[in-house]
file model.csv (CSV, C-alpha atoms)
chain,number,residue,atom,x,y,z
A,227,MET,CA,7.2,-17.4,-9.1
A,228,GLU,CA,4.3,-19.3,-7.6
A,229,ARG,CA,4.9,-18.5,-4.0
A,230,VAL,CA,6.3,-15.4,-2.4
A,231,ASN,CA,6.5,-14.0,1.1
A,232,ALA,CA,4.7,-10.7,1.8
A,233,SER,CA,5.3,-8.6,5.0
A,234,VAL,CA,3.6,-5.6,6.4
A,235,VAL,CA,5.6,-3.2,8.7
A,236,GLN,CA,3.2,-1.7,11.2
A,237,PHE,CA,4.2,1.0,13.7
A,238,ASP,CA,3.4,4.3,15.3
A,239,VAL,CA,4.5,6.9,12.7
A,240,GLN,CA,5.8,9.9,14.6
A,241,ARG,CA,5.0,13.2,12.9
A,242,ASP,CA,8.1,15.3,12.1
A,243,ASN,CA,10.5,12.6,13.5
A,244,ARG,CA,12.2,11.3,10.4
A,245,ALA,CA,15.2,9.9,12.3
A,246,GLY,CA,13.1,7.9,14.6
A,247,ASN,CA,10.7,6.6,12.0
A,248,ARG,CA,13.6,5.8,9.7
A,249,ALA,CA,15.4,3.9,12.3
A,250,PHE,CA,12.4,1.7,13.1
A,251,VAL,CA,11.7,0.9,9.5
A,252,MET,CA,15.3,0.1,8.6
A,253,ASP,CA,15.5,-2.3,11.5
A,254,ALA,CA,12.1,-3.8,10.6
A,255,LEU,CA,13.2,-4.4,7.0
A,256,GLU,CA,16.2,-6.3,8.2
A,257,GLN,CA,13.7,-8.7,9.8
A,258,CYS,CA,11.6,-9.3,6.7
A,259,LEU,CA,11.9,-12.5,4.8
A,260,PRO,CA,12.8,-12.1,1.1
A,261,GLY,CA,9.8,-11.1,-0.9
A,262,LEU,CA,7.5,-8.1,-0.6
A,263,ALA,CA,7.5,-5.5,2.3
A,264,VAL,CA,4.8,-2.8,2.5
A,265,LEU,CA,5.2,0.2,4.8
A,266,PRO,CA,2.5,2.6,6.0
A,267,GLU,CA,1.5,5.8,4.2
A,268,MET,CA,3.9,8.8,4.8
A,269,TRP,CA,5.9,6.6,7.0
A,270,ALA,CA,9.0,8.8,7.3
A,271,CYS,CA,7.4,12.0,8.5
A,272,GLY,CA,3.6,11.6,9.0
A,273,PHE,CA,1.2,14.3,7.8
A,274,ASP,CA,3.4,17.1,8.9
A,275,TYR,CA,1.8,19.6,6.6
A,276,LYS,CA,3.8,22.6,7.8
A,277,ASN,CA,7.1,21.0,6.7
A,278,LEU,CA,6.1,18.8,3.8
A,279,ALA,CA,8.4,20.5,1.3
A,280,ALA,CA,11.3,20.2,3.7
A,281,HIS,CA,10.6,16.5,4.3
A,282,ALA,CA,10.4,15.9,0.6
A,283,LEU,CA,14.0,17.1,0.3
A,284,ALA,CA,15.0,14.0,2.2
A,285,THR,CA,13.1,11.5,0.1
A,286,GLU,CA,16.0,10.9,-2.4
A,287,GLU,CA,18.3,10.0,0.5
A,288,ILE,CA,15.7,7.7,2.1
A,289,LEU,CA,15.1,5.9,-1.3
A,290,ALA,CA,18.9,5.3,-1.4
A,291,ASP,CA,18.6,3.6,2.0
A,292,LEU,CA,15.7,1.5,0.8
A,293,SER,CA,17.5,0.5,-2.3
A,294,ALA,CA,20.5,-0.7,-0.3
A,295,VAL,CA,18.3,-2.8,2.1
A,296,ALA,CA,16.2,-4.1,-0.8
A,297,ARG,CA,19.4,-5.5,-2.5
A,298,ARG,CA,20.8,-6.9,0.7
A,299,ARG,CA,17.5,-8.6,1.8
A,300,ASN,CA,16.1,-9.5,-1.6
A,301,LEU,CA,13.0,-7.3,-1.0
A,302,VAL,CA,10.5,-5.4,-3.1
A,303,ILE,CA,9.6,-2.5,-0.8
A,304,VAL,CA,6.6,-0.2,-1.1
A,305,GLY,CA,5.8,2.8,1.0
A,306,SER,CA,4.7,6.4,0.5
A,307,LEU,CA,6.8,9.5,0.9
A,308,PRO,CA,6.4,13.2,0.1
A,309,VAL,CA,7.8,14.3,-3.3
A,310,LEU,CA,8.3,17.9,-4.4
A,311,GLU,CA,7.8,18.7,-8.1
A,312,GLY,CA,8.0,22.4,-8.7
A,313,SER,CA,5.8,24.0,-6.1
A,314,ARG,CA,3.6,20.9,-5.6
A,315,VAL,CA,4.0,18.2,-3.1
A,316,TYR,CA,2.7,14.7,-3.9
A,317,ASN,CA,2.0,11.7,-1.8
A,318,VAL,CA,4.1,9.1,-3.7
A,319,ALA,CA,4.4,5.4,-3.2
A,320,HIS,CA,7.7,4.2,-4.6
A,321,VAL,CA,8.2,0.5,-5.6
A,322,VAL,CA,11.8,-0.4,-4.9
A,323,ASP,CA,12.7,-3.7,-6.5
A,324,ALA,CA,15.0,-6.4,-5.1
A,325,ASP,CA,17.9,-5.2,-7.3
A,326,GLY,CA,17.7,-1.7,-5.7
A,327,ARG,CA,16.1,0.1,-8.7
A,328,VAL,CA,12.9,2.1,-8.4
A,329,ALA,CA,10.6,-0.1,-10.5
A,330,GLY,CA,7.9,2.5,-10.5
A,331,SER,CA,6.0,5.1,-8.5
A,332,TYR,CA,2.4,6.1,-7.9
A,333,LYS,CA,1.1,9.5,-6.9
A,334,LYS,CA,-2.0,9.3,-4.7
A,335,ILE,CA,-5.0,10.0,-7.0
A,336,HIS,CA,-7.8,10.4,-4.4
A,337,LEU,CA,-7.0,12.9,-1.7
A,338,PHE,CA,-8.9,12.7,1.6
A,339,THR,CA,-10.2,16.3,1.5
A,340,ALA,CA,-12.2,15.7,4.7
A,341,GLY,CA,-8.9,15.4,6.5
A,342,GLY,CA,-7.3,18.3,4.7
A,343,GLU,CA,-5.0,16.4,2.3
A,344,GLY,CA,-6.1,18.6,-0.6
A,345,LYS,CA,-4.5,21.6,1.2
A,346,GLY,CA,-1.1,19.9,1.5
A,347,PHE,CA,-0.9,17.7,-1.6
A,348,ALA,CA,-1.5,17.7,-5.3
A,349,ALA,CA,-3.3,14.8,-6.8
A,350,GLY,CA,-1.8,12.2,-9.2
A,351,ASP,CA,-3.4,11.4,-12.5
A,352,ARG,CA,-2.1,7.9,-13.5
A,353,ALA,CA,-2.7,4.3,-12.4
A,354,ASP,CA,0.1,2.1,-13.5
A,355,VAL,CA,1.2,-1.4,-12.7
A,356,CYS,CA,4.9,-1.9,-11.8
A,357,GLU,CA,6.8,-4.9,-13.2
A,358,THR,CA,8.9,-6.3,-10.4
A,359,SER,CA,10.9,-9.4,-9.7
A,360,LEU,CA,7.8,-10.7,-7.9
A,361,GLY,CA,5.5,-10.1,-10.9
A,362,PRO,CA,3.1,-7.2,-11.7
A,363,LEU,CA,2.3,-5.1,-8.7
A,364,GLY,CA,-0.4,-2.4,-8.3
A,365,VAL,CA,-0.4,0.3,-5.7
A,366,MET,CA,-3.2,2.2,-4.0
A,367,ILE,CA,-2.8,4.6,-1.0
A,368,CYS,CA,-5.3,4.6,1.9
A,369,TYR,CA,-8.4,6.6,0.8
A,370,ASP,CA,-8.0,5.1,-2.7
A,371,LEU,CA,-9.6,1.9,-1.3
A,372,ARG,CA,-12.9,3.6,-1.4
A,373,PHE,CA,-12.7,3.8,-5.2
A,374,PRO,CA,-13.2,0.3,-6.6
A,375,GLU,CA,-12.6,1.5,-10.2
A,376,LEU,CA,-9.0,2.1,-9.4
A,377,ALA,CA,-8.4,-1.5,-8.1
A,378,ARG,CA,-10.3,-2.9,-11.1
A,379,THR,CA,-8.1,-0.9,-13.5
A,380,LEU,CA,-4.9,-2.2,-11.8
A,381,MET,CA,-6.3,-5.8,-12.0
A,382,GLY,CA,-7.1,-5.2,-15.7
A,383,LYS,CA,-3.5,-4.1,-16.3
A,384,GLY,CA,-2.2,-7.4,-14.9
A,385,ALA,CA,-1.6,-6.8,-11.2
A,386,ARG,CA,-1.5,-9.9,-9.1
A,387,ILE,CA,-0.9,-8.0,-5.9
A,388,LEU,CA,-2.3,-4.7,-4.6
A,389,ALA,CA,0.0,-3.0,-2.1
A,390,VAL,CA,-1.8,-0.4,0.1
A,391,PRO,CA,0.2,1.9,2.4
A,392,ALA,CA,-2.3,3.6,4.8
A,393,GLN,CA,-2.9,5.8,7.8
A,394,TRP,CA,-6.5,4.7,8.4
A,395,PRO,CA,-8.0,5.9,11.7
A,396,THR,CA,-9.7,3.8,14.4
A,397,ALA,CA,-13.0,5.6,13.9
A,398,ARG,CA,-13.4,3.9,10.6
A,399,ARG,CA,-11.5,0.6,11.2
A,400,THR,CA,-14.4,-1.5,10.1
A,401,HIS,CA,-14.4,0.3,6.7
A,402,TRP,CA,-10.7,-0.5,6.3
A,403,ARG,CA,-11.2,-4.2,6.9
A,404,THR,CA,-14.3,-4.4,4.7
A,405,LEU,CA,-12.7,-2.5,1.8
A,406,VAL,CA,-9.4,-4.4,1.8
A,407,ARG,CA,-11.3,-7.7,1.7
A,408,ALA,CA,-13.7,-6.4,-1.0
A,409,ARG,CA,-10.9,-5.3,-3.3
A,410,ALA,CA,-9.3,-8.8,-2.9
A,411,ILE,CA,-12.5,-10.7,-3.5
A,412,GLU,CA,-13.9,-8.7,-6.4
A,413,ASN,CA,-10.6,-8.7,-8.3
A,414,GLN,CA,-9.4,-12.2,-7.3
A,415,LEU,CA,-5.9,-11.1,-6.3
A,416,PHE,CA,-3.9,-10.6,-3.1
A,417,VAL,CA,-4.1,-7.3,-1.2
A,418,VAL,CA,-1.3,-6.4,1.2
A,419,GLY,CA,-2.4,-3.4,3.3
A,420,ALA,CA,0.0,-1.8,5.8
A,421,ASN,CA,-1.7,0.5,8.3
A,422,ARG,CA,-0.2,2.5,11.1
A,423,CYS,CA,-0.9,2.1,14.8
A,424,GLY,CA,-0.6,4.7,17.6
A,425,GLU,CA,-1.7,8.3,18.0
A,426,ASP,CA,-1.3,11.6,16.2
A,427,GLY,CA,-2.9,14.4,18.2
A,428,GLU,CA,-6.5,13.5,18.6
A,429,LEU,CA,-6.4,10.8,16.0
A,430,ARG,CA,-6.0,7.2,16.9
A,431,TYR,CA,-4.9,4.5,14.6
A,432,PRO,CA,-5.8,0.8,15.1
A,433,GLY,CA,-3.1,-0.9,13.2
A,434,GLY,CA,-5.0,-3.8,11.8
A,435,SER,CA,-2.8,-4.3,8.7
A,436,LEU,CA,-4.1,-7.1,6.5
A,437,ILE,CA,-2.9,-9.6,4.0
A,438,VAL,CA,-5.9,-11.0,2.2
A,439,SER,CA,-6.1,-13.7,-0.4
A,440,PRO,CA,-8.4,-13.8,-3.5
A,441,THR,CA,-10.6,-16.3,-1.6
A,442,ASP,CA,-10.9,-13.9,1.4
A,443,GLN,CA,-8.5,-15.8,3.6
A,444,ILE,CA,-7.1,-13.5,6.2
A,445,LEU,CA,-3.4,-14.5,5.9
A,446,ALA,CA,-2.1,-11.9,8.4
A,447,ASP,CA,-4.0,-9.7,10.9
A,448,PRO,CA,-1.6,-8.3,13.6
A,449,GLY,CA,-4.1,-6.3,15.6
A,450,GLU,CA,-2.7,-3.2,17.2
A,451,LYS,CA,0.9,-4.1,18.0
A,452,ALA,CA,3.9,-2.8,16.1
A,453,GLY,CA,6.2,-5.1,14.3
A,454,VAL,CA,6.7,-7.1,11.1
A,455,PHE,CA,4.0,-9.6,10.1
A,456,THR,CA,4.5,-12.0,7.2
A,457,ALA,CA,2.3,-14.4,5.1
A,458,GLU,CA,2.9,-16.5,2.1
A,459,LEU,CA,1.1,-15.7,-1.2
A,460,ASP,CA,0.3,-18.7,-3.3
A,461,PHE,CA,-0.4,-17.6,-6.9
A,462,SER,CA,-1.5,-21.1,-7.9
A,463,LEU,CA,-4.4,-20.6,-5.6
A,464,MET,CA,-5.3,-17.4,-7.3
A,465,ASN,CA,-5.1,-18.9,-10.7
A,466,ASP,CA,-7.2,-21.9,-9.7
A,467,TYR,CA,-9.8,-19.7,-8.1
A,468,ARG,CA,-10.1,-17.5,-11.2
A,469,ASN,CA,-10.7,-20.6,-13.2
A,470,THR,CA,-13.3,-22.0,-10.7
A,471,ILE,CA,-15.2,-18.7,-10.5
A,472,PRO,CA,-14.4,-16.9,-13.7
A,473,CYS,CA,-16.1,-13.6,-12.9
A,474,LEU,CA,-13.3,-11.6,-14.3
A,475,LYS,CA,-13.8,-13.2,-17.7
A,476,GLU,CA,-17.6,-12.8,-17.5
A,477,ARG,CA,-17.7,-9.1,-17.0
A,478,ARG,CA,-19.7,-7.1,-19.5
A,479,PRO,CA,-18.3,-3.6,-19.6
A,480,GLU,CA,-20.1,-2.7,-22.8
A,481,VAL,CA,-23.4,-3.0,-20.8
A,482,TYR,CA,-22.2,-1.1,-17.7
A,483,ALA,CA,-21.7,2.1,-19.7
A,484,ARG,CA,-25.3,2.2,-21.1

call {"tool": "encode", "arguments": {"input": "model.csv", "output": "structure tokens"}}
result
Amino acid sequence: MERVNASVVQFDVQRDNRAGNRAFVMDALEQCLPGLAVLPEMWACGFDYKNLAAHALATEEILADLSAVARRRNLVIVGSLPVLEGSRVYNVAHVVDADGRVAGSYKKIHLFTAGGEGKGFAAGDRADVCETSLGPLGVMICYDLRFPELARTLMGKGARILAVPAQWPTARRTHWRTLVRARAIENQLFVVGANRCGEDGELRYPGGSLIVSPTDQILADPGEKAGVFTAELDFSLMNDYRNTIPCLKERRPEVYAR
């Protein structure tokens, strides 16, 4: 598949309002073109730390809803939700394929301890690429963007797209833009980053979801407004660029470790 549509769903995630968040997302997914749809981080409940375990109990039901719309709309859907395993809650991005199956999941590895995430979540310990109907897909979540080693690992495992659900605040919006673009440029792949907009207490969120090509083309940049925003990913462009500037082939990891 040489060309696919990719959409970001950008909206004001309401803390502890699963019904409202869920209604917005399900309606938005019905508007997406067949292809990839990326949702913000913790899109169903926000960072409602007091009730994370309770919210996690609803995740299976939410995934069933996502599976149904994925089949109906021919979508691969990525977005993070809380998952309870034993006494630990993880921030998990599920990849729901177009046939409705969960093709894979990713537990957020790097927790934003400056924002208290380490008190509410346990950290994941695996970086895997999911095989989907759109091809190999890697997932990072928000703060993970600050760790280029993770993106490089996913590229090395075959990812052609990095999907990045996020809740990145306005105070560091320039960092978000720079890091999304850098991960696309240095790994010569497409990055589809879905950030939230709106407010949560004293925190403000700028939206600014981005779809960026391997050549640093900004394919979608919706600003602050809520909605669904779509761009076409052309993998022939990616392949041509990798041949024109073969920096991935010319890496020398045996030297870097000295």

call {"tool": "closest_residue", "arguments": {"input": "model.csv", "among": "A:Arg299, A:Asp460, A:Leu278, A:Thr285", "to": "Ala254 (chain A)", "atoms": "all atoms listed in the file"}}
result
A:Arg299

call {"tool": "atom_distance", "arguments": {"input": "model.csv", "atom1": "CA of Tyr431 (chain A)", "atom2": "CA of Ala319 (chain A)"}}
result
20.1 Å

call {"tool": "closest_atom_pairs", "arguments": {"input": "model.csv", "of": "region 250-368 of chain A", "to": "region 432-451 of chain A", "cutoff": "10 Å", "atoms": "all atoms listed in the file", "output": "tab-separated table"}}
result
residue	atom	partner	partner_atom	distance
A:Val264	CA	A:Ser435	CA	9.9
A:Leu265	CA	A:Ser435	CA	10.0
A:Pro266	CA	A:Ser435	CA	9.1

call {"tool": "closest_residue", "arguments": {"input": "model.csv", "among": "A:Leu292, A:Leu283, A:Leu259, A:Leu429", "to": "Asp238 (chain A)", "atoms": "all atoms listed in the file"}}
result
A:Leu429

call {"tool": "closest_residue", "arguments": {"input": "model.csv", "among": "A:Leu474, A:Val454, A:Arg386, A:Ala279", "to": "Val251 (chain A)", "atoms": "only C-alpha atoms"}}
result
A:Val454

call {"tool": "closest_residue", "arguments": {"input": "model.csv", "among": "A:Val309, A:Leu405, A:Ala324, A:Met227", "to": "Met268 (chain A)", "atoms": "all atoms listed in the file"}}
result
A:Val309

call {"tool": "atom_distance", "arguments": {"input": "model.csv", "atom1": "CA of Met464 (chain A)", "atom2": "CA of Asp351 (chain A)"}}
result
29.3 Å

call {"tool": "closest_residue", "arguments": {"input": "model.csv", "among": "A:Leu301, A:Cys423, A:Ala349, A:Ile335", "to": "Asp370 (chain A)", "atoms": "all atoms listed in the file"}}
result
A:Ile335

call {"tool": "residues_around", "arguments": {"input": "model.csv", "residues": "Thr358 (chain A)", "least_positions_apart": "2", "cutoff": "12 Å", "atoms": "all atoms listed in the file", "output": "list of chain:residue names"}}
result
A:Met227, A:Gly261, A:Leu262, A:Asn300, A:Leu301, A:Val302, A:Ile303, A:Val304, A:Val321, A:Val322, A:Asp323, A:Ala324, A:Asp325, A:Gly326, A:Arg327, A:Val328, A:Ala329, A:Gly330, A:Ser331, A:Val355, A:Cys356, A:Leu360, A:Gly361, A:Pro362, A:Leu363, A:Gly364, A:Ala385, A:Arg386, A:Ile387

call {"tool": "write_last_selection", "arguments": {"input": "model.csv", "atoms": "C-alpha atoms", "output": "mmCIF file, keeping the file's coordinate frame"}}
result
data_model
loop_
_atom_site.group_PDB
_atom_site.id
_atom_site.type_symbol
_atom_site.label_atom_id
_atom_site.label_comp_id
_atom_site.auth_asym_id
_atom_site.auth_seq_id
_atom_site.Cartn_x
_atom_site.Cartn_y
_atom_site.Cartn_z
ATOM 1 C CA MET A 227 7.200 -17.400 -9.100
ATOM 2 C CA GLY A 261 9.800 -11.100 -0.900
ATOM 3 C CA LEU A 262 7.500 -8.100 -0.600
ATOM 4 C CA ASN A 300 16.100 -9.500 -1.600
ATOM 5 C CA LEU A 301 13.000 -7.300 -1.000
ATOM 6 C CA VAL A 302 10.500 -5.400 -3.100
ATOM 7 C CA ILE A 303 9.600 -2.500 -0.800
ATOM 8 C CA VAL A 304 6.600 -0.200 -1.100
ATOM 9 C CA VAL A 321 8.200 0.500 -5.600
ATOM 10 C CA VAL A 322 11.800 -0.400 -4.900
ATOM 11 C CA ASP A 323 12.700 -3.700 -6.500
ATOM 12 C CA ALA A 324 15.000 -6.400 -5.100
ATOM 13 C CA ASP A 325 17.900 -5.200 -7.300
ATOM 14 C CA GLY A 326 17.700 -1.700 -5.700
ATOM 15 C CA ARG A 327 16.100 0.100 -8.700
ATOM 16 C CA VAL A 328 12.900 2.100 -8.400
ATOM 17 C CA ALA A 329 10.600 -0.100 -10.500
ATOM 18 C CA GLY A 330 7.900 2.500 -10.500
ATOM 19 C CA SER A 331 6.000 5.100 -8.500
ATOM 20 C CA VAL A 355 1.200 -1.400 -12.700
ATOM 21 C CA CYS A 356 4.900 -1.900 -11.800
ATOM 22 C CA LEU A 360 7.800 -10.700 -7.900
ATOM 23 C CA GLY A 361 5.500 -10.100 -10.900
ATOM 24 C CA PRO A 362 3.100 -7.200 -11.700
ATOM 25 C CA LEU A 363 2.300 -5.100 -8.700
ATOM 26 C CA GLY A 364 -0.400 -2.400 -8.300
ATOM 27 C CA ALA A 385 -1.600 -6.800 -11.200
ATOM 28 C CA ARG A 386 -1.500 -9.900 -9.100
ATOM 29 C CA ILE A 387 -0.900 -8.000 -5.900
#

call {"tool": "closest_residue", "arguments": {"input": "model.csv", "among": "A:Trp402, A:Phe461, A:Phe373, A:Phe416", "to": "Leu388 (chain A)", "atoms": "only C-alpha atoms"}}
result
A:Phe416

call {"tool": "atom_distance", "arguments": {"input": "model.csv", "atom1": "CA of Val239 (chain A)", "atom2": "CA of Gln393 (chain A)"}}
result
8.9 Å

call {"tool": "residues_around", "arguments": {"input": "model.csv", "residues": "Tyr275 (chain A)", "least_positions_apart": "3", "cutoff": "9 Å", "atoms": "only C-alpha atoms", "output": "PDB file with C-alpha atoms, keeping the file's coordinate frame"}}
result
ATOM      1  CA  GLY A 272       3.600  11.600   9.000  1.00  0.00           C
ATOM      2  CA  LEU A 278       6.100  18.800   3.800  1.00  0.00           C
ATOM      3  CA  ALA A 279       8.400  20.500   1.300  1.00  0.00           C
ATOM      4  CA  GLU A 343      -5.000  16.400   2.300  1.00  0.00           C
ATOM      5  CA  LYS A 345      -4.500  21.600   1.200  1.00  0.00           C
ATOM      6  CA  GLY A 346      -1.100  19.900   1.500  1.00  0.00           C
ATOM      7  CA  PHE A 347      -0.900  17.700  -1.600  1.00  0.00           C
TER       8      PHE A 347
END

call {"tool": "decode", "arguments": {"input": "model.csv", "residues": "region 348-359 of chain A", "atoms": "N, CA and C atoms", "output": "mmCIF file, in the first residue's frame"}}
result
data_model
loop_
_atom_site.group_PDB
_atom_site.id
_atom_site.type_symbol
_atom_site.label_atom_id
_atom_site.label_comp_id
_atom_site.auth_asym_id
_atom_site.auth_seq_id
_atom_site.Cartn_x
_atom_site.Cartn_y
_atom_site.Cartn_z
ATOM 1 N N ALA A 348 2.599 2.793 36.319
ATOM 2 C CA ALA A 348 3.824 2.002 36.207
ATOM 3 C C ALA A 348 4.356 2.166 34.789
ATOM 4 N N ALA A 349 5.656 1.998 34.622
ATOM 5 C CA ALA A 349 6.287 2.190 33.319
ATOM 6 C C ALA A 349 6.369 0.877 32.555
ATOM 7 N N GLY A 350 6.192 0.959 31.240
ATOM 8 C CA GLY A 350 6.372 -0.202 30.384
ATOM 9 C C GLY A 350 7.846 -0.498 30.165
ATOM 10 N N ASP A 351 8.126 -1.636 29.519
ATOM 11 C CA ASP A 351 9.523 -2.022 29.321
ATOM 12 C C ASP A 351 9.766 -2.675 27.968
ATOM 13 N N ARG A 352 8.871 -2.430 26.997
ATOM 14 C CA ARG A 352 9.051 -3.019 25.667
ATOM 15 C C ARG A 352 8.714 -1.993 24.590
ATOM 16 N N ALA A 353 9.468 -2.037 23.502
ATOM 17 C CA ALA A 353 9.210 -1.194 22.334
ATOM 18 C C ALA A 353 9.016 -2.106 21.136
ATOM 19 N N ASP A 354 7.780 -2.319 20.751
ATOM 20 C CA ASP A 354 7.471 -3.236 19.660
ATOM 21 C C ASP A 354 6.810 -2.496 18.503
ATOM 22 N N VAL A 355 6.960 -3.031 17.316
ATOM 23 C CA VAL A 355 6.283 -2.526 16.123
ATOM 24 C C VAL A 355 5.096 -3.442 15.836
ATOM 25 N N CYS A 356 3.947 -2.839 15.562
ATOM 26 C CA CYS A 356 2.729 -3.598 15.293
ATOM 27 C C CYS A 356 2.557 -3.795 13.783
ATOM 28 N N GLU A 357 2.274 -5.006 13.385
ATOM 29 C CA GLU A 357 1.963 -5.280 11.982
ATOM 30 C C GLU A 357 0.474 -5.031 11.767
ATOM 31 N N THR A 358 0.158 -4.100 10.898
ATOM 32 C CA THR A 358 -1.232 -3.723 10.643
ATOM 33 C C THR A 358 -1.537 -3.817 9.150
ATOM 34 N N SER A 359 -2.788 -3.604 8.815
ATOM 35 C CA SER A 359 -3.197 -3.617 7.407
ATOM 36 C C SER A 359 -2.587 -2.453 6.632
#
